[in-house]
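To keep things clear, I will list the structure first and then write my remarks on it.
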Amino acid sequence: MTEHLLEGVEAFIFDLGGVIINLETHRTFQAFVQASVLPAEEVLAITKRPEFAQFERGELKAIEFRNFIRHVMRTALTDAELDAAWNAMILDIPPARLNLLKELGKHRPVFILSNTNEIHLNFVNHSTLAAHKLNNFAELVHKDYYSHLLGMRKPEPEIFQHLLDAHKLNPATTLLLDDNEENILAADKLGLRTYHVPANQLDLNLF
């Protein structure tokens with residue numbers, strides 16, 4: 001399949017975490033376990049609660065999310081401490097991946113479509129990207145889209161359709177690269193071309 005991955009592709013949609021940005025979610029889980037009086041299995045159960053998806057849809061503001069975490073995990077973390085724990089999952093961005101976005105964008109439209117939230121995006125813009133002398137991904141791609149600003153999240157089909165409609169993209173010639181299999185399957189149903197990226201292992205030789 002990879003031999004013909006780019007054949008006929010007229011636009012690219014990249015996920016961020018696990019594709020462009022190296023991500024290790026267990027680091028945040030460990031930080032929460034250390035900050036909470038609850039056993040690890042209870043903390044794990046909390047991370048599956050709907051409030052996390054609500055935060056990604058922008059249905060909860062940062063202050064509401066922080067208060068939710070403090071309440072359910074029985075911790076007295078300050079805002080700064082809680083943000084540090086929540087952002088612990090975000091690692092680095094290899095410069096070659098940023099160069100890829102820039103180079104691809106010279107020839108075809110490149111988009112970012114990410115499930116994220118207010119706290120994570122602020123950290124990425126002011127820390128992770130700042131290390132590369134960039135302010136945001138809008139400096140590299142045609143348009144960047146974030147779940148908490150759109151009010152919807154992957155794998156909900158509406159979020160993919162929103163991007164396709166906004167730019168009059170043909171799904172059959174638009175390639176989504178994502179590390180989440182659910183997102184890939186949802187995009188497949190809409191007729192998008194897809195490539196499942198192994199977590200943190202985007203192969204630049206594909207391009």
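Chain identifiers are assigned as A, B, and so on, following the order in which chains appear in the structure tokens; residues are numbered from 1 within each chain, and ligands are numbered from 1 in order of appearance.
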DSSP-assigned strand (DSSP E or B) members of segment 20-206 of chain A, reported as a PyMOL selection string = chain A and resi 21+23+90+110-114+143-146+174-178+193-196
Tell me, counting only C-alpha atoms, for each residue of segment 85-117 of chain A within 9 Å of segment 126-135 of chain A, which pair of atoms is nearest and how far apart they are in Å to one decimal, in rows ordered by chain and increasing number, as JSON lines.
{"residue": "A:Ile90", "atom": "CA", "partner": "A:Thr128", "partner_atom": "CA", "distance": 8.2}
{"residue": "A:Leu91", "atom": "CA", "partner": "A:Thr128", "partner_atom": "CA", "distance": 7.7}
{"residue": "A:Asp92", "atom": "CA", "partner": "A:Thr128", "partner_atom": "CA", "distance": 6.4}
{"residue": "A:Ile93", "atom": "CA", "partner": "A:Thr128", "partner_atom": "CA", "distance": 7.1}
{"residue": "A:Pro95", "atom": "CA", "partner": "A:His132", "partner_atom": "CA", "distance": 7.7}
How would the residues just picked look written out with all heavy atoms as a PDB file, in the first residue's frame?
ATOM      1  N   ILE A  90       3.082  15.553  26.616  1.00  0.00           N
ATOM      2  CA  ILE A  90       3.568  16.200  25.396  1.00  0.00           C
ATOM      3  C   ILE A  90       5.091  16.251  25.418  1.00  0.00           C
ATOM      4  O   ILE A  90       5.692  16.867  26.300  1.00  0.00           O
ATOM      5  CB  ILE A  90       2.983  17.616  25.267  1.00  0.00           C
ATOM      6  CG1 ILE A  90       1.451  17.556  25.226  1.00  0.00           C
ATOM      7  CG2 ILE A  90       3.525  18.308  24.017  1.00  0.00           C
ATOM      8  CD1 ILE A  90       0.778  18.911  25.295  1.00  0.00           C
ATOM      9  N   LEU A  91       5.696  15.613  24.446  1.00  0.00           N
ATOM     10  CA  LEU A  91       7.160  15.571  24.378  1.00  0.00           C
ATOM     11  C   LEU A  91       7.655  16.564  23.323  1.00  0.00           C
ATOM     12  O   LEU A  91       7.234  17.703  23.292  1.00  0.00           O
ATOM     13  CB  LEU A  91       7.620  14.142  24.085  1.00  0.00           C
ATOM     14  CG  LEU A  91       7.131  13.075  25.094  1.00  0.00           C
ATOM     15  CD1 LEU A  91       7.697  11.721  24.733  1.00  0.00           C
ATOM     16  CD2 LEU A  91       7.490  13.459  26.517  1.00  0.00           C
ATOM     17  N   ASP A  92       8.518  16.128  22.447  1.00  0.00           N
ATOM     18  CA  ASP A  92       9.155  17.026  21.487  1.00  0.00           C
ATOM     19  C   ASP A  92       8.528  16.895  20.105  1.00  0.00           C
ATOM     20  O   ASP A  92       7.681  16.035  19.858  1.00  0.00           O
ATOM     21  CB  ASP A  92      10.649  16.708  21.396  1.00  0.00           C
ATOM     22  CG  ASP A  92      10.889  15.294  20.848  1.00  0.00           C
ATOM     23  OD1 ASP A  92      10.176  14.364  21.293  1.00  0.00           O
ATOM     24  OD2 ASP A  92      11.759  15.122  19.982  1.00  0.00           O
ATOM     25  N   ILE A  93       8.973  17.761  19.215  1.00  0.00           N
ATOM     26  CA  ILE A  93       8.639  17.665  17.794  1.00  0.00           C
ATOM     27  C   ILE A  93       9.957  17.561  17.025  1.00  0.00           C
ATOM     28  O   ILE A  93      10.730  18.528  17.004  1.00  0.00           O
ATOM     29  CB  ILE A  93       7.869  18.893  17.284  1.00  0.00           C
ATOM     30  CG1 ILE A  93       6.634  19.172  18.145  1.00  0.00           C
ATOM     31  CG2 ILE A  93       7.464  18.677  15.821  1.00  0.00           C
ATOM     32  CD1 ILE A  93       5.887  20.433  17.737  1.00  0.00           C
ATOM     33  N   PRO A  95      12.464  18.167  14.295  1.00  0.00           N
ATOM     34  CA  PRO A  95      12.465  19.227  13.274  1.00  0.00           C
ATOM     35  C   PRO A  95      12.113  18.721  11.881  1.00  0.00           C
ATOM     36  O   PRO A  95      11.480  19.441  11.108  1.00  0.00           O
ATOM     37  CB  PRO A  95      13.906  19.759  13.321  1.00  0.00           C
ATOM     38  CG  PRO A  95      14.377  19.440  14.706  1.00  0.00           C
ATOM     39  CD  PRO A  95      13.716  18.148  15.075  1.00  0.00           C
TER      40      PRO A  95
END
Excluding same-chain residues fewer than 6 positions from Lys189 of chain A, what lies within 12 Å of it counting only C-alpha atoms, as a ChimeraX atom specification?
-> /A:155-158,160-161,171-172,182-183
Enter the distance from atom CA of Gln34 of chain A to atom CA of Glu59 of chain A, in Å, rounded to one decimal.
-> 27.3 Å
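Considering only C-alpha atoms, the residue among A:Ala53, A:Leu169, A:Leu175, A:Ala85 positioned nearest to Asp188 of chain A is A:Leu175.
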Given the choices A:Arg70, A:Lys102, A:His142, A:Arg27, which gets closest to Met89 of chain A if the distance is worked out from only C-alpha atoms?
-> A:Arg27
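Take the candidates A:Ala96, A:Val197, A:Ala187, A:Leu44 and check each one against Leu16 of chain A using only C-alpha atoms; the shortest distance goes to A:Val197.
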Residues near Leu204 of chain A, cut-off 12 Å, only C-alpha atoms, skip fewer than 6 positions along chain, as an MDAnalysis selection string = chainID A and resid 2 19:20 94:101 103:104 197
With N, CA, C and O atoms kept, could you save the residues just selected as a PDB file, in the first residue's frame?
ATOM      1  N   THR A   2       1.955   1.244   0.773  1.00  0.00           N
ATOM      2  CA  THR A   2       2.753   2.458   0.922  1.00  0.00           C
ATOM      3  C   THR A   2       3.394   2.894  -0.392  1.00  0.00           C
ATOM      4  O   THR A   2       3.706   4.064  -0.562  1.00  0.00           O
ATOM      5  N   VAL A  19       1.741  11.823  15.817  1.00  0.00           N
ATOM      6  CA  VAL A  19       2.091  11.889  14.398  1.00  0.00           C
ATOM      7  C   VAL A  19       3.153  12.966  14.175  1.00  0.00           C
ATOM      8  O   VAL A  19       4.265  12.672  13.743  1.00  0.00           O
ATOM      9  N   ILE A  20       2.828  14.214  14.485  1.00  0.00           N
ATOM     10  CA  ILE A  20       3.805  15.304  14.390  1.00  0.00           C
ATOM     11  C   ILE A  20       4.501  15.508  15.734  1.00  0.00           C
ATOM     12  O   ILE A  20       5.726  15.659  15.801  1.00  0.00           O
ATOM     13  N   PRO A  94      10.227  16.428  16.395  1.00  0.00           N
ATOM     14  CA  PRO A  94      11.434  16.346  15.581  1.00  0.00           C
ATOM     15  C   PRO A  94      11.400  17.400  14.469  1.00  0.00           C
ATOM     16  O   PRO A  94      10.378  17.530  13.771  1.00  0.00           O
ATOM     17  N   PRO A  95      12.464  18.167  14.295  1.00  0.00           N
ATOM     18  CA  PRO A  95      12.465  19.227  13.274  1.00  0.00           C
ATOM     19  C   PRO A  95      12.113  18.721  11.881  1.00  0.00           C
ATOM     20  O   PRO A  95      11.480  19.441  11.108  1.00  0.00           O
ATOM     21  N   ALA A  96      12.483  17.480  11.566  1.00  0.00           N
ATOM     22  CA  ALA A  96      12.214  16.946  10.228  1.00  0.00           C
ATOM     23  C   ALA A  96      10.714  16.879   9.943  1.00  0.00           C
ATOM     24  O   ALA A  96      10.286  17.013   8.791  1.00  0.00           O
ATOM     25  N   ARG A  97       9.906  16.685  10.987  1.00  0.00           N
ATOM     26  CA  ARG A  97       8.452  16.628  10.774  1.00  0.00           C
ATOM     27  C   ARG A  97       7.899  18.008  10.454  1.00  0.00           C
ATOM     28  O   ARG A  97       6.988  18.147   9.634  1.00  0.00           O
ATOM     29  N   LEU A  98       8.441  19.021  11.081  1.00  0.00           N
ATOM     30  CA  LEU A  98       8.022  20.389  10.765  1.00  0.00           C
ATOM     31  C   LEU A  98       8.443  20.751   9.341  1.00  0.00           C
ATOM     32  O   LEU A  98       7.688  21.390   8.604  1.00  0.00           O
ATOM     33  N   ASN A  99       9.635  20.326   8.963  1.00  0.00           N
ATOM     34  CA  ASN A  99      10.110  20.572   7.594  1.00  0.00           C
ATOM     35  C   ASN A  99       9.218  19.870   6.582  1.00  0.00           C
ATOM     36  O   ASN A  99       8.966  20.396   5.494  1.00  0.00           O
ATOM     37  N   LEU A 100       8.743  18.669   6.945  1.00  0.00           N
ATOM     38  CA  LEU A 100       7.851  17.932   6.051  1.00  0.00           C
ATOM     39  C   LEU A 100       6.573  18.722   5.786  1.00  0.00           C
ATOM     40  O   LEU A 100       6.146  18.857   4.634  1.00  0.00           O
ATOM     41  N   LEU A 101       5.965  19.245   6.836  1.00  0.00           N
ATOM     42  CA  LEU A 101       4.745  20.036   6.660  1.00  0.00           C
ATOM     43  C   LEU A 101       4.994  21.217   5.728  1.00  0.00           C
ATOM     44  O   LEU A 101       4.188  21.507   4.837  1.00  0.00           O
ATOM     45  N   GLU A 103       7.409  21.624   3.446  1.00  0.00           N
ATOM     46  CA  GLU A 103       7.737  21.222   2.079  1.00  0.00           C
ATOM     47  C   GLU A 103       6.508  20.713   1.337  1.00  0.00           C
ATOM     48  O   GLU A 103       6.295  21.055   0.167  1.00  0.00           O
ATOM     49  N   LEU A 104       5.689  19.891   2.006  1.00  0.00           N
ATOM     50  CA  LEU A 104       4.472  19.395   1.364  1.00  0.00           C
ATOM     51  C   LEU A 104       3.551  20.558   0.998  1.00  0.00           C
ATOM     52  O   LEU A 104       2.903  20.553  -0.049  1.00  0.00           O
ATOM     53  N   VAL A 197      -0.684   5.810  11.223  1.00  0.00           N
ATOM     54  CA  VAL A 197       0.704   6.026  11.641  1.00  0.00           C
ATOM     55  C   VAL A 197       0.940   5.321  12.979  1.00  0.00           C
ATOM     56  O   VAL A 197       0.211   5.570  13.939  1.00  0.00           O
TER      57      VAL A 197
END
Distance query Asn170 of chain A at most 12 Å, only C-alpha atoms, self and fewer than 3 positions along chain excluded, as a list in words = Gly8, Val9, Glu10, Ala11, Phe12, Phe160, Gln161, Leu163, Leu164, Asp165, Ala166, His167, Thr173, Thr174, Leu175, Leu190, Gly191, Leu192 and Arg193 of chain A
Please dump the current selection as a compact mmCIF listing (two decimals), in the first residue's frame; keep N, CA, C and O atoms.
# COMPACT_ATOMS: atom_id res chain seq x y z
N GLY A 8 -2.09 10.34 -6.63
CA GLY A 8 -3.37 11.02 -6.76
C GLY A 8 -3.76 11.89 -5.58
O GLY A 8 -4.85 12.48 -5.58
N VAL A 9 -2.90 12.01 -4.58
CA VAL A 9 -3.22 12.82 -3.41
C VAL A 9 -3.13 14.31 -3.76
O VAL A 9 -2.11 14.77 -4.28
N GLU A 10 -4.18 15.05 -3.44
CA GLU A 10 -4.21 16.48 -3.72
C GLU A 10 -4.20 17.34 -2.47
O GLU A 10 -4.01 18.56 -2.54
N ALA A 11 -4.38 16.71 -1.28
CA ALA A 11 -4.36 17.45 -0.02
C ALA A 11 -4.04 16.48 1.11
O ALA A 11 -4.36 15.28 1.03
N PHE A 12 -3.43 17.00 2.18
CA PHE A 12 -3.04 16.20 3.33
C PHE A 12 -3.72 16.73 4.60
O PHE A 12 -3.83 17.94 4.79
N PHE A 160 -14.64 15.74 10.34
CA PHE A 160 -13.98 15.51 9.05
C PHE A 160 -14.74 16.23 7.94
O PHE A 160 -14.14 16.87 7.07
N GLN A 161 -16.07 16.11 7.98
CA GLN A 161 -16.89 16.72 6.94
C GLN A 161 -16.76 18.24 6.95
O GLN A 161 -16.78 18.89 5.90
N LEU A 163 -14.12 20.03 7.67
CA LEU A 163 -12.88 20.41 6.98
C LEU A 163 -13.03 20.21 5.48
O LEU A 163 -12.64 21.09 4.69
N LEU A 164 -13.58 19.08 5.08
CA LEU A 164 -13.75 18.81 3.65
C LEU A 164 -14.61 19.88 2.99
O LEU A 164 -14.28 20.40 1.91
N ASP A 165 -15.73 20.22 3.64
CA ASP A 165 -16.65 21.22 3.07
C ASP A 165 -16.02 22.61 3.04
O ASP A 165 -16.20 23.36 2.07
N ALA A 166 -15.30 22.96 4.11
CA ALA A 166 -14.73 24.30 4.21
C ALA A 166 -13.74 24.59 3.09
O ALA A 166 -13.60 25.74 2.66
N HIS A 167 -13.07 23.54 2.61
CA HIS A 167 -12.04 23.74 1.59
C HIS A 167 -12.38 23.06 0.27
O HIS A 167 -11.51 22.95 -0.60
N THR A 173 -9.24 12.14 -2.85
CA THR A 173 -7.87 12.60 -3.14
C THR A 173 -7.26 13.33 -1.95
O THR A 173 -6.27 14.04 -2.09
N THR A 174 -7.87 13.14 -0.78
CA THR A 174 -7.38 13.77 0.45
C THR A 174 -6.90 12.68 1.40
O THR A 174 -7.65 11.75 1.71
N LEU A 175 -5.66 12.79 1.85
CA LEU A 175 -5.05 11.76 2.69
C LEU A 175 -4.98 12.20 4.14
O LEU A 175 -4.40 13.24 4.45
N LEU A 190 -16.15 7.96 5.31
CA LEU A 190 -16.48 9.17 4.57
C LEU A 190 -15.80 9.20 3.20
O LEU A 190 -15.95 10.17 2.45
N GLY A 191 -15.03 8.16 2.91
CA GLY A 191 -14.36 8.09 1.62
C GLY A 191 -12.99 8.72 1.58
O GLY A 191 -12.38 8.81 0.51
N LEU A 192 -12.50 9.17 2.74
CA LEU A 192 -11.14 9.74 2.79
C LEU A 192 -10.10 8.65 2.58
O LEU A 192 -10.30 7.48 2.96
N ARG A 193 -9.00 9.02 2.01
CA ARG A 193 -7.85 8.12 1.98
C ARG A 193 -7.15 8.24 3.33
O ARG A 193 -7.06 9.35 3.89
Among the residues of segment 26-192 of chain A, find those DSSP assigns to alpha helix (DSSP H) from the backbone and print them as a ChimeraX atom specification.
-> /A:26-35,40-46,50-56,62-72,79-87,95-104,118-123,147-150,157-166,181-189
Mind checking which residues fall within 10 Å of segment 35-40 of chain A, counting only C-alpha atoms, ignoring those fewer than 2 positions away in the same chain, and posting them as number ranges by chain?
-> A: 29-33, 42-46, 69-70, 72-77, 81-82, 85
Could you write out the selected residues, including N, CA and C atoms, as a PDB file, in the first residue's frame?
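Saved to part.pdb:
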ATOM      1  N   PHE A  29      -0.725  10.135  33.178  1.00  0.00           N
ATOM      2  CA  PHE A  29      -1.362   9.203  34.104  1.00  0.00           C
ATOM      3  C   PHE A  29      -0.520   9.033  35.364  1.00  0.00           C
ATOM      4  N   GLN A  30       0.778   8.845  35.197  1.00  0.00           N
ATOM      5  CA  GLN A  30       1.673   8.683  36.345  1.00  0.00           C
ATOM      6  C   GLN A  30       1.691   9.943  37.207  1.00  0.00           C
ATOM      7  N   ALA A  31       1.669  11.111  36.567  1.00  0.00           N
ATOM      8  CA  ALA A  31       1.668  12.364  37.326  1.00  0.00           C
ATOM      9  C   ALA A  31       0.394  12.504  38.142  1.00  0.00           C
ATOM     10  N   PHE A  32      -0.733  12.094  37.576  1.00  0.00           N
ATOM     11  CA  PHE A  32      -1.998  12.143  38.303  1.00  0.00           C
ATOM     12  C   PHE A  32      -2.010  11.153  39.462  1.00  0.00           C
ATOM     13  N   VAL A  33      -1.459   9.964  39.244  1.00  0.00           N
ATOM     14  CA  VAL A  33      -1.396   8.961  40.314  1.00  0.00           C
ATOM     15  C   VAL A  33      -0.573   9.496  41.482  1.00  0.00           C
ATOM     16  N   GLU A  42      -8.261   3.447  40.153  1.00  0.00           N
ATOM     17  CA  GLU A  42      -9.329   4.448  40.223  1.00  0.00           C
ATOM     18  C   GLU A  42      -8.985   5.673  39.385  1.00  0.00           C
ATOM     19  N   VAL A  43      -7.723   6.055  39.392  1.00  0.00           N
ATOM     20  CA  VAL A  43      -7.292   7.176  38.548  1.00  0.00           C
ATOM     21  C   VAL A  43      -7.496   6.814  37.083  1.00  0.00           C
ATOM     22  N   LEU A  44      -7.168   5.575  36.721  1.00  0.00           N
ATOM     23  CA  LEU A  44      -7.355   5.131  35.343  1.00  0.00           C
ATOM     24  C   LEU A  44      -8.829   5.203  34.949  1.00  0.00           C
ATOM     25  N   ALA A  45      -9.714   4.776  35.835  1.00  0.00           N
ATOM     26  CA  ALA A  45     -11.150   4.832  35.552  1.00  0.00           C
ATOM     27  C   ALA A  45     -11.618   6.269  35.359  1.00  0.00           C
ATOM     28  N   ILE A  46     -11.057   7.182  36.140  1.00  0.00           N
ATOM     29  CA  ILE A  46     -11.434   8.596  36.017  1.00  0.00           C
ATOM     30  C   ILE A  46     -11.061   9.140  34.638  1.00  0.00           C
ATOM     31  N   ILE A  69     -10.737  17.896  37.887  1.00  0.00           N
ATOM     32  CA  ILE A  69      -9.618  17.014  38.235  1.00  0.00           C
ATOM     33  C   ILE A  69      -9.335  17.084  39.731  1.00  0.00           C
ATOM     34  N   ARG A  70      -9.298  18.269  40.267  1.00  0.00           N
ATOM     35  CA  ARG A  70      -9.028  18.402  41.702  1.00  0.00           C
ATOM     36  C   ARG A  70     -10.076  17.668  42.533  1.00  0.00           C
ATOM     37  N   VAL A  72     -12.343  15.088  41.579  1.00  0.00           N
ATOM     38  CA  VAL A  72     -12.470  13.633  41.443  1.00  0.00           C
ATOM     39  C   VAL A  72     -11.197  12.895  41.834  1.00  0.00           C
ATOM     40  N   MET A  73     -10.044  13.543  41.699  1.00  0.00           N
ATOM     41  CA  MET A  73      -8.796  12.888  42.062  1.00  0.00           C
ATOM     42  C   MET A  73      -8.329  13.246  43.469  1.00  0.00           C
ATOM     43  N   ARG A  74      -9.130  14.068  44.146  1.00  0.00           N
ATOM     44  CA  ARG A  74      -8.856  14.428  45.539  1.00  0.00           C
ATOM     45  C   ARG A  74      -7.425  14.945  45.706  1.00  0.00           C
ATOM     46  N   THR A  75      -7.147  15.980  44.961  1.00  0.00           N
ATOM     47  CA  THR A  75      -5.816  16.575  45.010  1.00  0.00           C
ATOM     48  C   THR A  75      -5.931  18.081  45.166  1.00  0.00           C
ATOM     49  N   ALA A  76      -4.908  18.676  45.754  1.00  0.00           N
ATOM     50  CA  ALA A  76      -4.894  20.123  45.970  1.00  0.00           C
ATOM     51  C   ALA A  76      -3.881  20.806  45.057  1.00  0.00           C
ATOM     52  N   LEU A  77      -3.613  20.220  43.899  1.00  0.00           N
ATOM     53  CA  LEU A  77      -2.667  20.818  42.973  1.00  0.00           C
ATOM     54  C   LEU A  77      -3.075  22.245  42.608  1.00  0.00           C
ATOM     55  N   GLU A  81       0.611  23.480  38.782  1.00  0.00           N
ATOM     56  CA  GLU A  81       0.994  22.088  39.002  1.00  0.00           C
ATOM     57  C   GLU A  81       0.101  21.143  38.216  1.00  0.00           C
ATOM     58  N   LEU A  82      -1.186  21.442  38.186  1.00  0.00           N
ATOM     59  CA  LEU A  82      -2.116  20.591  37.449  1.00  0.00           C
ATOM     60  C   LEU A  82      -1.831  20.665  35.950  1.00  0.00           C
ATOM     61  N   ALA A  85       1.154  18.548  35.119  1.00  0.00           N
ATOM     62  CA  ALA A  85       0.825  17.120  35.081  1.00  0.00           C
ATOM     63  C   ALA A  85       0.066  16.778  33.805  1.00  0.00           C
TER      64      ALA A  85
END
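Put simply, atom CA of Phe65 of chain A is 17.3 Å away from atom CA of Tyr146 of chain A.
Candidate residues A:Ser114, A:Asn87, A:Asn205, A:Asn180 were compared for distance to Ile13 of chain A, and the nearest is A:Ser114, using only C-alpha atoms.
Minimum atom-to-atom distances from A:Phe123, A:Phe14, A:Phe68, A:Tyr145 to Phe52 of chain A were compared using only C-alpha atoms, and the lowest value belongs to A:Phe68.
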Between atom CA of Gln54 of chain A and atom CA of Ala199 of chain A lies a distance of 23.6 Å
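Among A:Leu177, A:His162, A:Leu60, A:Pro109, the residue with the shortest atom-to-atom distance to Asp203 of chain A, counting only C-alpha atoms, is A:Leu177.
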